[in-house]
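Below: one structure, written as structure tokens.
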Amino acid sequence: MCPTQETTDKTSPGPWEQQPDEPPKWYTRFRIYLRLGPSRNLTAACRIWANSQGRPSQTTRKKSKEWRWEERATAYDKAKREEKAAFEAAREAESRERNLHLNSKIFDAINAAFDIADLENLTREEARALLPTLRGYLSTATELQRRHKQSSLDHLPASSDWPVLDEESKKILHLYNADEE
């Protein structure tokens with residue numbers, strides 16, 4: 001499927017679109033050529049549309065040059081790479097935002113747990129019972145922060161190798177942040 005651009009006063013159709021006066025027959029053949037990807041060649045395209053094992057005719061070679069197939073296909077490939085890069089950058093930004101939000105929720109949950117726990121009035125046994133959960137939250141939040149800073153410095157994907165909360169931590173986190181959802 002070919003990418004398209006909206007035609008407005010400021011933009012024109014991409015060079016991979018049908019050109020003015022380009023016959024539909026040759027545009028259809030160009031699209032077959034285009035769909036073969038960056039390693040495309042005229043022989044492979046010709047074999048597809050002619051359903052044969054032959055080579056492109058002189059007419060086909062002439063028309064492909066006349067309609068600048070190679071140049072148009074290169075522009076198409078470049079546009080697809082840019083489109084993919086923009087999509088990946090947006091996805092990466094969303095991933096970073098989600099991780100930062102999760103990190104903030106974890107710290108909020110830790111603070112809420114400390115506020116609720118009334119640590120000064122807990123027995124030793126009660127305080128010790130809370131420690132594993134709080135330690136897990138703190139460890140996960142610290143690791144999230146470390147990885148976020150590292151990925152920002154190294155331009156690594158924000159989504160790679162992030163810690164995953166266990167089910168118990170997710171339940172507790174949900175309890176402390178239920179008012180947000």
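Residue numbers start at 1 in each chain; chains themselves are named A, B, ... in the order of the structure tokens; ligands are numbered from 1 in the order shown.
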Tell me which protein, DNA and RNA residues are within 12 Å of Ser64 (chain A), counting only C-alpha atoms, leaving out same-chain ones fewer than 6 positions away, and put them as a PDB file with N, CA and C atoms, in the first residue's frame.
```pdb
ATOM      1  N   GLU A  22       0.345  10.341 -16.759  1.00  0.00           N
ATOM      2  CA  GLU A  22       0.889   8.980 -16.684  1.00  0.00           C
ATOM      3  C   GLU A  22      -0.247   7.995 -16.955  1.00  0.00           C
ATOM      4  N   LYS A  25      -2.093   2.176 -17.121  1.00  0.00           N
ATOM      5  CA  LYS A  25      -1.370   0.909 -17.328  1.00  0.00           C
ATOM      6  C   LYS A  25       0.041   0.998 -16.749  1.00  0.00           C
ATOM      7  N   TRP A  26       0.738   2.097 -17.008  1.00  0.00           N
ATOM      8  CA  TRP A  26       2.118   2.224 -16.538  1.00  0.00           C
ATOM      9  C   TRP A  26       2.170   2.578 -15.052  1.00  0.00           C
ATOM     10  N   TYR A  27       1.179   3.284 -14.578  1.00  0.00           N
ATOM     11  CA  TYR A  27       1.144   3.551 -13.129  1.00  0.00           C
ATOM     12  C   TYR A  27       0.888   2.255 -12.359  1.00  0.00           C
ATOM     13  N   THR A  28       0.000   1.412 -12.861  1.00  0.00           N
ATOM     14  CA  THR A  28      -0.267   0.125 -12.219  1.00  0.00           C
ATOM     15  C   THR A  28       1.015  -0.703 -12.172  1.00  0.00           C
ATOM     16  N   ARG A  29       1.762  -0.692 -13.252  1.00  0.00           N
ATOM     17  CA  ARG A  29       3.027  -1.427 -13.288  1.00  0.00           C
ATOM     18  C   ARG A  29       4.044  -0.807 -12.333  1.00  0.00           C
ATOM     19  N   PHE A  30       4.060   0.513 -12.267  1.00  0.00           N
ATOM     20  CA  PHE A  30       4.955   1.180 -11.311  1.00  0.00           C
ATOM     21  C   PHE A  30       4.632   0.760  -9.875  1.00  0.00           C
ATOM     22  N   ARG A  31       3.348   0.671  -9.562  1.00  0.00           N
ATOM     23  CA  ARG A  31       2.963   0.267  -8.203  1.00  0.00           C
ATOM     24  C   ARG A  31       3.436  -1.148  -7.886  1.00  0.00           C
ATOM     25  N   TYR A  33       6.128  -2.487  -9.175  1.00  0.00           N
ATOM     26  CA  TYR A  33       7.562  -2.249  -8.977  1.00  0.00           C
ATOM     27  C   TYR A  33       7.815  -1.686  -7.574  1.00  0.00           C
ATOM     28  N   LEU A  34       7.011  -0.718  -7.192  1.00  0.00           N
ATOM     29  CA  LEU A  34       7.160  -0.056  -5.902  1.00  0.00           C
ATOM     30  C   LEU A  34       6.996  -1.036  -4.745  1.00  0.00           C
ATOM     31  N   ASN A  41      13.623  -4.555  -8.502  1.00  0.00           N
ATOM     32  CA  ASN A  41      14.267  -4.399  -9.802  1.00  0.00           C
ATOM     33  C   ASN A  41      13.214  -4.576 -10.891  1.00  0.00           C
ATOM     34  N   LEU A  42      13.523  -4.046 -12.035  1.00  0.00           N
ATOM     35  CA  LEU A  42      12.582  -4.031 -13.143  1.00  0.00           C
ATOM     36  C   LEU A  42      12.243  -5.443 -13.623  1.00  0.00           C
ATOM     37  N   THR A  43      13.222  -6.326 -13.629  1.00  0.00           N
ATOM     38  CA  THR A  43      12.988  -7.697 -14.084  1.00  0.00           C
ATOM     39  C   THR A  43      11.955  -8.392 -13.201  1.00  0.00           C
ATOM     40  N   ALA A  45       9.650  -7.036 -11.292  1.00  0.00           N
ATOM     41  CA  ALA A  45       8.332  -6.412 -11.478  1.00  0.00           C
ATOM     42  C   ALA A  45       7.697  -6.883 -12.779  1.00  0.00           C
ATOM     43  N   CYS A  46       8.487  -6.920 -13.831  1.00  0.00           N
ATOM     44  CA  CYS A  46       7.978  -7.341 -15.137  1.00  0.00           C
ATOM     45  C   CYS A  46       7.479  -8.783 -15.082  1.00  0.00           C
ATOM     46  N   PRO A  56      12.460  -7.622 -19.004  1.00  0.00           N
ATOM     47  CA  PRO A  56      11.706  -6.444 -19.432  1.00  0.00           C
ATOM     48  C   PRO A  56      12.010  -6.092 -20.889  1.00  0.00           C
ATOM     49  N   SER A  57      10.997  -5.686 -21.588  1.00  0.00           N
ATOM     50  CA  SER A  57      11.165  -5.279 -22.986  1.00  0.00           C
ATOM     51  C   SER A  57      11.821  -3.904 -23.041  1.00  0.00           C
ATOM     52  N   GLN A  58      12.242  -3.530 -24.213  1.00  0.00           N
ATOM     53  CA  GLN A  58      12.811  -2.200 -24.413  1.00  0.00           C
ATOM     54  C   GLN A  58      11.766  -1.132 -24.089  1.00  0.00           C
ATOM     55  N   GLU A  70      12.751   4.718 -10.746  1.00  0.00           N
ATOM     56  CA  GLU A  70      13.784   4.571  -9.712  1.00  0.00           C
ATOM     57  C   GLU A  70      13.784   5.769  -8.765  1.00  0.00           C
ATOM     58  N   GLU A  71      13.732   6.955  -9.319  1.00  0.00           N
ATOM     59  CA  GLU A  71      13.706   8.184  -8.510  1.00  0.00           C
ATOM     60  C   GLU A  71      12.461   8.231  -7.623  1.00  0.00           C
ATOM     61  N   ARG A  72      11.320   7.897  -8.210  1.00  0.00           N
ATOM     62  CA  ARG A  72      10.062   7.922  -7.451  1.00  0.00           C
ATOM     63  C   ARG A  72      10.067   6.866  -6.353  1.00  0.00           C
ATOM     64  N   ALA A  73      10.602   5.695  -6.655  1.00  0.00           N
ATOM     65  CA  ALA A  73      10.667   4.621  -5.660  1.00  0.00           C
ATOM     66  C   ALA A  73      11.614   4.998  -4.515  1.00  0.00           C
TER      67      ALA A  73
END
```
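Relative to CA of Thr142 (chain A), CA of Phe87 (chain A) is found at 28.9 Å.
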Practice problem: Check the DSSP output for the backbone and give back, as a PyMOL selection string, the residues of region 5-119 of chain A in helix (DSSP H, G or I). | Solution: chain A and resi 24-35+42-50+58-66+69-117+119
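Nearest to Tyr137 (chain A) of all the residues A:Ala44, A:Ala79, A:Ala50, A:Leu102 is A:Leu102, based on only C-alpha atoms.
Straight-line separation from CA of Ile106 (chain A) to CA of Leu138 (chain A): 7.8 Å.
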